[in-house]
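A.B. asks: I am sharing upload_28.txt, which consists of compact mmCIF, C-alpha atoms:
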# COMPACT_ATOMS: atom_id res chain seq x y z
CA MET A 1 7.89 -15.93 -11.70
CA VAL A 2 4.44 -16.24 -13.20
CA GLU A 3 4.74 -20.02 -13.25
CA GLN A 4 5.88 -20.01 -9.63
CA ILE A 5 2.92 -17.90 -8.57
CA ARG A 6 0.59 -20.27 -10.40
CA ALA A 7 2.22 -23.34 -8.83
CA ASP A 8 2.13 -21.89 -5.29
CA ASN A 9 -1.52 -20.89 -5.32
CA ARG A 10 -4.35 -23.27 -6.15
CA THR A 11 -7.19 -21.12 -4.88
CA GLN A 12 -10.11 -19.94 -7.00
CA HIS A 13 -9.84 -16.20 -6.30
CA HIS A 14 -6.85 -13.87 -6.10
CA ILE A 15 -6.89 -10.40 -4.54
CA VAL A 16 -3.87 -8.10 -4.60
CA ALA A 17 -3.53 -5.45 -1.88
CA PHE A 18 -2.82 -2.58 -4.24
CA SER A 19 -1.47 0.88 -3.45
CA GLY A 20 -0.23 2.15 -6.80
CA GLY A 21 3.38 1.86 -5.64
CA VAL A 22 5.90 -0.02 -7.74
CA ASP A 23 5.94 -3.10 -5.49
CA SER A 24 2.21 -3.78 -5.44
CA SER A 25 2.01 -2.80 -9.12
CA LEU A 26 4.50 -5.49 -10.06
CA ALA A 27 2.75 -7.99 -7.79
CA LEU A 28 -0.51 -7.18 -9.58
CA ALA A 29 1.03 -7.44 -13.04
CA LEU A 30 2.54 -10.85 -12.29
CA THR A 31 -0.51 -12.24 -10.50
CA SER A 32 -2.84 -11.13 -13.28
CA ARG A 33 -0.64 -12.95 -15.76
CA ALA A 34 -0.81 -16.10 -13.66
CA PHE A 35 -4.57 -15.83 -13.13
CA PRO A 36 -5.97 -13.45 -15.76
CA LYS A 37 -9.64 -14.21 -15.11
CA THR A 38 -9.69 -14.36 -11.33
CA THR A 39 -7.34 -11.60 -10.17
CA LYS A 40 -8.71 -8.47 -8.52
CA ALA A 41 -6.91 -5.34 -7.37
CA VAL A 42 -8.19 -3.67 -4.20
CA ILE A 43 -7.01 -0.43 -2.65
CA GLY A 44 -7.95 0.55 0.88
CA LEU A 45 -9.57 3.96 1.25
CA SER A 46 -8.88 5.92 4.42
CA ALA A 47 -7.68 9.31 5.58
CA ALA A 48 -4.09 8.03 5.30
CA LEU A 49 -4.31 7.63 1.52
CA PRO A 50 -3.35 10.76 -0.44
CA ALA A 51 -5.68 11.68 -3.30
CA THR A 52 -2.71 11.76 -5.67
CA GLN A 53 -1.82 8.18 -4.75
CA LEU A 54 -5.37 7.04 -5.43
CA GLU A 55 -5.26 8.64 -8.87
CA LEU A 56 -1.95 6.91 -9.59
CA ALA A 57 -3.38 3.58 -8.48
CA ARG A 58 -6.33 3.99 -10.83
CA ASP A 59 -4.02 4.78 -13.73
CA VAL A 60 -1.66 1.87 -13.11
CA ALA A 61 -4.48 -0.64 -12.62
CA SER A 62 -5.94 0.49 -15.92
CA ILE A 63 -2.59 0.00 -17.66
CA VAL A 64 -2.16 -3.46 -16.14
CA GLY A 65 -5.69 -4.27 -17.25
CA VAL A 66 -7.22 -5.25 -13.92
CA PRO A 67 -10.32 -3.49 -12.56
CA LEU A 68 -9.65 -1.64 -9.33
CA THR A 69 -11.97 -2.01 -6.35
CA GLU A 70 -11.86 0.86 -3.85
CA GLN A 71 -12.67 -0.49 -0.41
CA HIS A 72 -13.08 1.61 2.73
CA THR A 73 -11.07 0.39 5.71
CA GLU A 74 -11.69 0.99 9.39
CA GLU A 75 -8.30 1.43 11.03
CA GLY A 76 -9.28 4.99 11.97
CA GLU A 77 -11.81 3.52 14.43
CA ASN A 78 -9.05 1.66 16.27
CA GLU A 79 -7.66 3.62 19.25
CA GLU A 80 -4.32 1.81 19.05
CA TYR A 81 -3.92 2.84 15.40
CA VAL A 82 -4.78 6.46 16.18
CA ALA A 83 -2.36 6.52 19.13
CA ASN A 84 0.52 6.08 16.65
CA ALA A 85 2.75 4.54 19.28
CA GLY A 86 4.69 2.20 16.99
CA MET A 87 2.15 -0.47 16.01
CA SER A 88 -0.13 1.57 13.78
CA CYS A 89 1.09 -0.18 10.64
CA TYR A 90 0.09 -3.53 12.12
CA HIS A 91 -3.42 -2.30 12.92
CA CYS A 92 -3.72 -0.65 9.50
CA LYS A 93 -2.72 -3.81 7.65
CA THR A 94 -5.02 -5.90 9.82
CA ALA A 95 -7.92 -3.64 8.83
CA LEU A 96 -6.82 -3.78 5.20
CA TYR A 97 -6.59 -7.56 4.97
CA THR A 98 -9.87 -7.94 6.82
CA ALA A 99 -11.51 -5.66 4.26
CA LEU A 100 -9.87 -7.47 1.34
CA SER A 101 -11.09 -10.82 2.62
CA SER A 102 -14.67 -9.56 2.44
CA VAL A 103 -14.44 -7.96 -1.00
CA LEU A 104 -15.68 -10.97 -2.95
CA HIS A 105 -18.95 -11.04 -1.02
CA HIS A 106 -19.41 -7.30 -1.38
CA VAL A 107 -19.15 -7.70 -5.15
CA ASP A 108 -21.36 -10.78 -5.29
CA ALA A 109 -23.02 -12.25 -2.23
CA HIS A 110 -23.22 -15.61 -3.99
CA THR A 111 -19.48 -15.86 -4.65
CA THR A 112 -17.91 -18.95 -3.13
CA GLY A 113 -14.51 -20.58 -3.27
CA THR A 114 -11.07 -20.26 -1.77
CA LEU A 115 -9.12 -17.03 -1.75
CA THR A 116 -5.47 -15.96 -1.74
CA LEU A 117 -4.41 -12.46 -0.72
CA TYR A 118 -1.24 -10.96 -2.23
CA ASN A 119 0.97 -8.02 -1.33
CA GLY A 120 4.07 -6.31 -2.72
CA THR A 121 6.51 -7.12 0.08
CA ASN A 122 10.03 -7.39 -1.35
CA LEU A 123 13.24 -8.90 -0.01
CA ASP A 124 14.49 -5.60 1.43
CA ASP A 125 11.26 -5.14 3.38
CA LEU A 126 11.78 -8.43 5.21
CA SER A 127 14.89 -7.11 6.94
CA ASP A 128 13.28 -3.80 7.98
CA PRO A 129 12.29 -4.00 11.68
CA THR A 130 9.92 -1.03 11.35
CA ARG A 131 7.59 -2.92 9.02
CA VAL A 132 5.32 -4.33 11.69
CA GLY A 133 2.60 -4.67 9.07
CA LEU A 134 4.35 -7.88 8.05
CA LEU A 135 2.98 -9.43 11.25
CA ALA A 136 -0.54 -8.84 9.95
CA ALA A 137 0.39 -10.31 6.57
CA SER A 138 1.59 -13.45 8.31
CA LYS A 139 -1.60 -13.63 10.36
CA PHE A 140 -3.70 -13.55 7.18
CA ASN A 141 -1.40 -15.89 5.23
CA VAL A 142 -0.77 -13.23 2.59
CA TYR A 143 1.35 -14.42 -0.34
CA SER A 144 4.28 -12.19 -1.34
CA PRO A 145 5.42 -12.98 -4.90
CA LEU A 146 8.30 -10.47 -4.67
CA SER A 147 9.75 -11.75 -1.40
CA GLU A 148 12.96 -12.96 -3.07
CA LEU A 149 13.57 -9.77 -5.08
CA PRO A 150 15.45 -6.75 -3.74
CA LYS A 151 13.96 -3.34 -4.53
CA SER A 152 16.46 -2.74 -7.33
CA GLU A 153 15.29 -5.89 -9.13
CA VAL A 154 11.65 -4.98 -8.55
CA ARG A 155 12.24 -1.70 -10.38
CA LYS A 156 14.07 -3.42 -13.23
CA LEU A 157 11.30 -5.95 -13.76
CA ALA A 158 8.62 -3.28 -13.46
CA LYS A 159 10.39 -1.27 -16.15
CA HIS A 160 10.65 -4.37 -18.34
CA LEU A 161 6.90 -4.88 -18.04
CA GLY A 162 6.22 -1.26 -18.94
CA LEU A 163 4.86 -0.10 -15.61
CA PRO A 164 4.85 3.73 -15.58
CA ASN A 165 5.79 3.99 -11.90
CA HIS A 166 8.90 1.80 -12.10
CA ASN A 167 11.17 4.69 -11.09
CA HIS A 168 8.84 6.57 -8.75
CA ALA A 169 10.15 7.45 -5.31
CA ALA A 170 8.61 5.63 -2.37
CA SER A 171 5.29 7.13 -1.38
CA PRO A 172 4.53 6.15 2.23
CA CYS A 173 1.07 6.62 3.64
CA LEU A 174 0.25 9.88 5.38
CA ARG A 175 0.21 8.25 8.81
CA SER A 176 3.85 7.19 8.44
CA ARG A 177 4.82 10.84 8.05
CA LEU A 178 3.66 11.54 11.60
CA ALA A 179 6.25 11.32 14.33
CA PHE A 180 5.45 8.62 16.88
CA GLY A 181 3.09 9.94 19.50
CA VAL A 182 1.35 12.42 17.20
CA GLU A 183 -2.14 10.97 16.90
CA ALA A 184 -3.21 9.71 13.49
CA THR A 185 -6.48 11.62 13.46
CA SER A 186 -8.24 12.56 10.24
CA ASP A 187 -7.44 16.19 10.96
CA HIS A 188 -3.71 15.57 11.36
CA LEU A 189 -3.61 13.40 8.25
CA HIS A 190 -5.44 16.00 6.21
CA LYS A 191 -2.99 18.68 7.32
CA ILE A 192 -0.07 16.48 6.30
CA GLU A 193 -1.61 15.97 2.86
CA THR A 194 -2.23 19.70 2.48
CA GLY A 195 1.35 20.43 3.48
CA ILE A 196 2.71 17.94 0.97
CA ASP A 197 0.57 19.37 -1.81
CA SER A 198 1.78 22.88 -1.02
CA LEU A 199 5.38 21.76 -1.47
CA LEU A 200 4.91 19.96 -4.74
CA VAL A 201 5.12 22.97 -7.00
CA ASP A 202 6.98 23.34 -10.26
CA GLU A 203 9.79 25.37 -8.72
CA LEU A 204 10.60 22.73 -6.09
CA GLN A 205 11.75 19.41 -7.48
CA PHE A 206 12.31 17.31 -4.38
CA LYS A 207 13.36 13.76 -5.20
CA THR A 208 13.11 12.50 -1.64
CA TRP A 209 11.92 14.32 1.45
CA ASP A 210 10.13 13.74 4.68
CA MET A 211 7.72 15.85 6.65
CA ARG A 212 6.99 14.91 10.25
CA PRO A 213 4.98 16.97 12.75
CA PHE A 214 6.61 16.43 16.12
CA LYS A 215 4.47 18.55 18.46
CA SER A 216 0.72 18.68 18.92
CA GLY A 217 -1.85 19.46 21.58
CA SER A 218 -2.09 23.01 22.88
CA GLU A 219 1.23 24.01 21.35
CA ALA A 220 1.48 25.36 17.84
CA LYS A 221 1.98 22.61 15.33
CA VAL A 222 5.65 22.29 14.36
CA VAL A 223 6.70 20.65 11.13
CA GLU A 224 10.17 19.45 10.34
CA LEU A 225 11.05 19.16 6.67
CA LYS A 226 14.03 16.94 5.90
CA LEU A 227 15.45 17.42 2.42
How would this structure read if it were set down as structure tokens?

C.D. replies:
Amino acid sequence: MVEQIRADNRTQHHIVAFSGGVDSSLALALTSRAFPKTTKAVIGLSAALPATQLELARDVASIVGVPLTEQHTEEGENEEYVANAGMSCYHCKTALYTALSSVLHHVDAHTTGTLTLYNGTNLDDLSDPTRVGLLAASKFNVYSPLSELPKSEVRKLAKHLGLPNHNHAASPCLRSRLAFGVEATSDHLHKIETGIDSLLVDELQFKTWDMRPFKSGSEAKVVELKL
């Protein structure tokens, strides 16, 4: 796979959209092997990113051996993202890839050369109609080195490469835990994160669960916990 990545991409700079999840971690590990001197990992900072996920991303990037750039994104300024009406992921990824494209010049204003963006999209993701963020990836010509691997194979290869998160459960962004129509405001996202943290105690070992507020406005907030 490393040779394929190298053959497919002849640009001078390589930036991986990194989240700390197993998919983007494997994409980073493979890309950094293909281009060890010119690969960068960038994670988007916003209210939708849990603090625990940021810590994990820092740890994994350190293990892979690629410095992690933490870049603020601006999807929260987009009314269509905040509306959370079904296309928020598209607007989020658009903001992310826009930010990633500018990272080189933030690091060094004199940096020149061509750039390839990478993500951790796997084969299973391509058949998921809810992943509207893939439309943004296509718009920005993002390269997906895992696009021919199902999730099960991603985990196997991640384990083979010694990635510590190879068997971690999926960790969706905080916005995706909101039911459609509940606005993705900073306040709502913070409350989701606080709720998640309150559940992750030693006595409760949830392997997979979902928490989705489904009422807002003047009514009391109602949270549904699916175990």

A.B. asks: Pick out the residues sitting within 8 Å of range 92-101 of chain A, and hand them over as a ChimeraX atom specification; count all atoms listed in the file, and ignore anything fewer than 2 positions along from it in its own chain.

C.D. replies: /A:15,17,42,44,71-75,81,88-90,103-104,115,117,133,136-137,140

A.B. asks: In Å, rounded to a single decimal, give me how far CA of Leu123 in chain A is from CA of Leu49 in chain A.

C.D. replies: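 Between CA of Leu49 in chain A and CA of Leu123 in chain A the gap is 24.2 Å.
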
A.B. asks: Would you mind telling me which residue in A:Gln53, A:Ser24, A:Thr11, A:Ser186 lies nearest to Glu77 in chain A when using all atoms listed in the file?

C.D. replies: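 Answer, going by the shortest atom-to-atom distance: A:Ser186.
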
A.B. asks: Give me, as a ChimeraX atom specification, all polymer residues having an atom no more than 9 Å from Pro164 in chain A, counting all atoms listed in the file and skipping those fewer than 3 positions away in the same chain.

C.D. replies: /A:22,60,63,158-159,167-168

A.B. asks: Return the single residue from A:Val82, A:Ser138, A:Ile196, A:Gly21 that is closest to Asn165 in chain A, with distances computed using only C-alpha atoms.

C.D. replies: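 Smallest distance to Asn165 in chain A is found for A:Gly21.
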
A.B. asks: Please list as a PyMOL selection string every residue within 8 Å of range 190-195 of chain A, counting all atoms listed in the file and excluding residues in the same chain fewer than 2 positions away.

C.D. replies: chain A and resi 47+50+174+177+186-188+197-199+211

A.B. asks: Please list, as a PDB file with C-alpha atoms, in the coordinates of the input, the residues that have an atom at most 6 Å away from (-9.6, -16.3, -4.9) in the coordinates of this file, counting all atoms listed in the file.

C.D. replies:
ATOM      1  CA  THR A  11      -7.190 -21.120  -4.880  1.00  0.00           C
ATOM      2  CA  GLN A  12     -10.110 -19.940  -7.000  1.00  0.00           C
ATOM      3  CA  HIS A  13      -9.840 -16.200  -6.300  1.00  0.00           C
ATOM      4  CA  HIS A  14      -6.850 -13.870  -6.100  1.00  0.00           C
ATOM      5  CA  THR A 114     -11.070 -20.260  -1.770  1.00  0.00           C
ATOM      6  CA  LEU A 115      -9.120 -17.030  -1.750  1.00  0.00           C
ATOM      7  CA  THR A 116      -5.470 -15.960  -1.740  1.00  0.00           C
TER       8      THR A 116
END

A.B. asks: Quick one: of A:Val64, A:Leu126, A:Cys173, A:Leu189, who's nearest to Leu146 in chain A, counting all atoms listed in the file?

C.D. replies: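 Closest candidate: A:Leu126.
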
A.B. asks: Which of these residues is nearest to Asn78 in chain A, using all atoms listed in the file: A:Glu183, A:Asp8, A:Asp124, A:Glu153?

C.D. replies: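 Checking each of A:Glu183, A:Asp8, A:Asp124, A:Glu153 against Asn78 in chain A, counting all atoms listed in the file, the winner is A:Glu183.
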
A.B. asks: I need range 169-198 of chain A from the structure I supplied, saved as a JSON list (two decimals), in the first residue's frame with N, CA, C and O atoms retained.

C.D. replies:
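File produced: result_39.json:
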[["chain", "number", "residue", "atom", "x", "y", "z"],
["A", 169, "ALA", "N", -13.58, 1.66, 19.77],
["A", 169, "ALA", "CA", -14.90, 1.87, 19.16],
["A", 169, "ALA", "C", -14.90, 3.18, 18.39],
["A", 169, "ALA", "O", -14.08, 4.07, 18.64],
["A", 170, "ALA", "N", -15.81, 3.28, 17.43],
["A", 170, "ALA", "CA", -15.94, 4.52, 16.67],
["A", 170, "ALA", "C", -16.24, 5.67, 17.62],
["A", 170, "ALA", "O", -16.97, 5.51, 18.59],
["A", 171, "SER", "N", -15.63, 6.82, 17.33],
["A", 171, "SER", "CA", -15.83, 7.99, 18.19],
["A", 171, "SER", "C", -16.29, 9.16, 17.33],
["A", 171, "SER", "O", -15.48, 10.01, 16.94],
["A", 172, "PRO", "N", -17.57, 9.22, 17.00],
["A", 172, "PRO", "CA", -18.07, 10.30, 16.14],
["A", 172, "PRO", "C", -17.96, 11.65, 16.81],
["A", 172, "PRO", "O", -17.88, 11.75, 18.04],
["A", 173, "CYS", "N", -17.95, 12.69, 16.01],
["A", 173, "CYS", "CA", -17.86, 14.03, 16.57],
["A", 173, "CYS", "C", -19.11, 14.34, 17.39],
["A", 173, "CYS", "O", -20.15, 13.68, 17.26],
["A", 174, "LEU", "N", -19.02, 15.34, 18.23],
["A", 174, "LEU", "CA", -20.13, 15.69, 19.11],
["A", 174, "LEU", "C", -21.36, 16.13, 18.32],
["A", 174, "LEU", "O", -22.50, 15.85, 18.72],
["A", 175, "ARG", "N", -21.17, 16.80, 17.21],
["A", 175, "ARG", "CA", -22.30, 17.25, 16.41],
["A", 175, "ARG", "C", -23.13, 16.07, 15.93],
["A", 175, "ARG", "O", -24.38, 16.13, 15.89],
["A", 176, "SER", "N", -22.50, 14.98, 15.57],
["A", 176, "SER", "CA", -23.22, 13.82, 15.04],
["A", 176, "SER", "C", -24.07, 13.13, 16.11],
["A", 176, "SER", "O", -24.92, 12.30, 15.79],
["A", 177, "ARG", "N", -23.87, 13.48, 17.36],
["A", 177, "ARG", "CA", -24.69, 12.92, 18.43],
["A", 177, "ARG", "C", -25.98, 13.72, 18.65],
["A", 177, "ARG", "O", -26.83, 13.34, 19.45],
["A", 178, "LEU", "N", -26.10, 14.82, 17.95],
["A", 178, "LEU", "CA", -27.33, 15.62, 18.02],
["A", 178, "LEU", "C", -28.35, 15.09, 17.01],
["A", 178, "LEU", "O", -28.00, 14.82, 15.86],
["A", 179, "ALA", "N", -29.57, 14.94, 17.44],
["A", 179, "ALA", "CA", -30.63, 14.58, 16.50],
["A", 179, "ALA", "C", -30.78, 15.71, 15.48],
["A", 179, "ALA", "O", -30.57, 16.89, 15.79],
["A", 180, "PHE", "N", -31.14, 15.35, 14.24],
["A", 180, "PHE", "CA", -31.35, 16.37, 13.22],
["A", 180, "PHE", "C", -32.36, 17.40, 13.70],
["A", 180, "PHE", "O", -33.40, 17.06, 14.26],
["A", 181, "GLY", "N", -32.04, 18.65, 13.48],
["A", 181, "GLY", "CA", -32.93, 19.73, 13.88],
["A", 181, "GLY", "C", -32.54, 20.38, 15.19],
["A", 181, "GLY", "O", -32.95, 21.50, 15.47],
["A", 182, "VAL", "N", -31.74, 19.68, 16.00],
["A", 182, "VAL", "CA", -31.20, 20.29, 17.22],
["A", 182, "VAL", "C", -29.95, 21.06, 16.81],
["A", 182, "VAL", "O", -29.00, 20.47, 16.30],
["A", 183, "GLU", "N", -29.95, 22.35, 16.99],
["A", 183, "GLU", "CA", -28.87, 23.18, 16.47],
["A", 183, "GLU", "C", -27.51, 22.81, 17.07],
["A", 183, "GLU", "O", -27.40, 22.53, 18.27],
["A", 184, "ALA", "N", -26.51, 22.84, 16.21],
["A", 184, "ALA", "CA", -25.15, 22.50, 16.63],
["A", 184, "ALA", "C", -24.44, 23.75, 17.17],
["A", 184, "ALA", "O", -23.42, 24.18, 16.64],
["A", 185, "THR", "N", -24.99, 24.30, 18.23],
["A", 185, "THR", "CA", -24.37, 25.46, 18.87],
["A", 185, "THR", "C", -23.27, 24.99, 19.81],
["A", 185, "THR", "O", -23.25, 23.84, 20.24],
["A", 186, "SER", "N", -22.39, 25.89, 20.17],
["A", 186, "SER", "CA", -21.32, 25.55, 21.10],
["A", 186, "SER", "C", -21.89, 25.08, 22.43],
["A", 186, "SER", "O", -21.35, 24.15, 23.06],
["A", 187, "ASP", "N", -22.99, 25.70, 22.84],
["A", 187, "ASP", "CA", -23.61, 25.33, 24.11],
["A", 187, "ASP", "C", -24.14, 23.90, 24.07],
["A", 187, "ASP", "O", -23.90, 23.11, 24.99],
["A", 188, "HIS", "N", -24.84, 23.55, 22.99],
["A", 188, "HIS", "CA", -25.36, 22.19, 22.87],
["A", 188, "HIS", "C", -24.22, 21.16, 22.81],
["A", 188, "HIS", "O", -24.29, 20.10, 23.42],
["A", 189, "LEU", "N", -23.19, 21.49, 22.07],
["A", 189, "LEU", "CA", -22.06, 20.57, 21.92],
["A", 189, "LEU", "C", -21.33, 20.38, 23.25],
["A", 189, "LEU", "O", -20.91, 19.26, 23.59],
["A", 190, "HIS", "N", -21.20, 21.45, 23.98],
["A", 190, "HIS", "CA", -20.55, 21.35, 25.30],
["A", 190, "HIS", "C", -21.38, 20.47, 26.24],
["A", 190, "HIS", "O", -20.83, 19.67, 27.01],
["A", 191, "LYS", "N", -22.69, 20.61, 26.18],
["A", 191, "LYS", "CA", -23.54, 19.79, 27.05],
["A", 191, "LYS", "C", -23.47, 18.32, 26.67],
["A", 191, "LYS", "O", -23.51, 17.44, 27.55],
["A", 192, "ILE", "N", -23.35, 18.04, 25.39],
["A", 192, "ILE", "CA", -23.18, 16.65, 24.96],
["A", 192, "ILE", "C", -21.88, 16.09, 25.51],
["A", 192, "ILE", "O", -21.83, 14.97, 26.05],
["A", 193, "GLU", "N", -20.80, 16.87, 25.39],
["A", 193, "GLU", "CA", -19.51, 16.40, 25.89],
["A", 193, "GLU", "C", -19.56, 16.16, 27.40],
["A", 193, "GLU", "O", -19.03, 15.16, 27.90],
["A", 194, "THR", "N", -20.19, 17.08, 28.13],
["A", 194, "THR", "CA", -20.31, 16.92, 29.57],
["A", 194, "THR", "C", -21.11, 15.67, 29.92],
["A", 194, "THR", "O", -20.76, 14.92, 30.83],
["A", 195, "GLY", "N", -22.17, 15.42, 29.16],
["A", 195, "GLY", "CA", -22.98, 14.24, 29.40],
["A", 195, "GLY", "C", -22.22, 12.96, 29.15],
["A", 195, "GLY", "O", -22.33, 11.99, 29.91],
["A", 196, "ILE", "N", -21.43, 12.95, 28.08],
["A", 196, "ILE", "CA", -20.61, 11.78, 27.77],
["A", 196, "ILE", "C", -19.61, 11.53, 28.88],
["A", 196, "ILE", "O", -19.44, 10.40, 29.36],
["A", 197, "ASP", "N", -18.94, 12.59, 29.31],
["A", 197, "ASP", "CA", -17.93, 12.44, 30.36],
["A", 197, "ASP", "C", -18.54, 11.90, 31.64],
["A", 197, "ASP", "O", -17.91, 11.13, 32.37],
["A", 198, "SER", "N", -19.78, 12.31, 31.93],
["A", 198, "SER", "CA", -20.41, 11.87, 33.17],
["A", 198, "SER", "C", -20.77, 10.39, 33.12],
["A", 198, "SER", "O", -20.92, 9.74, 34.16]]
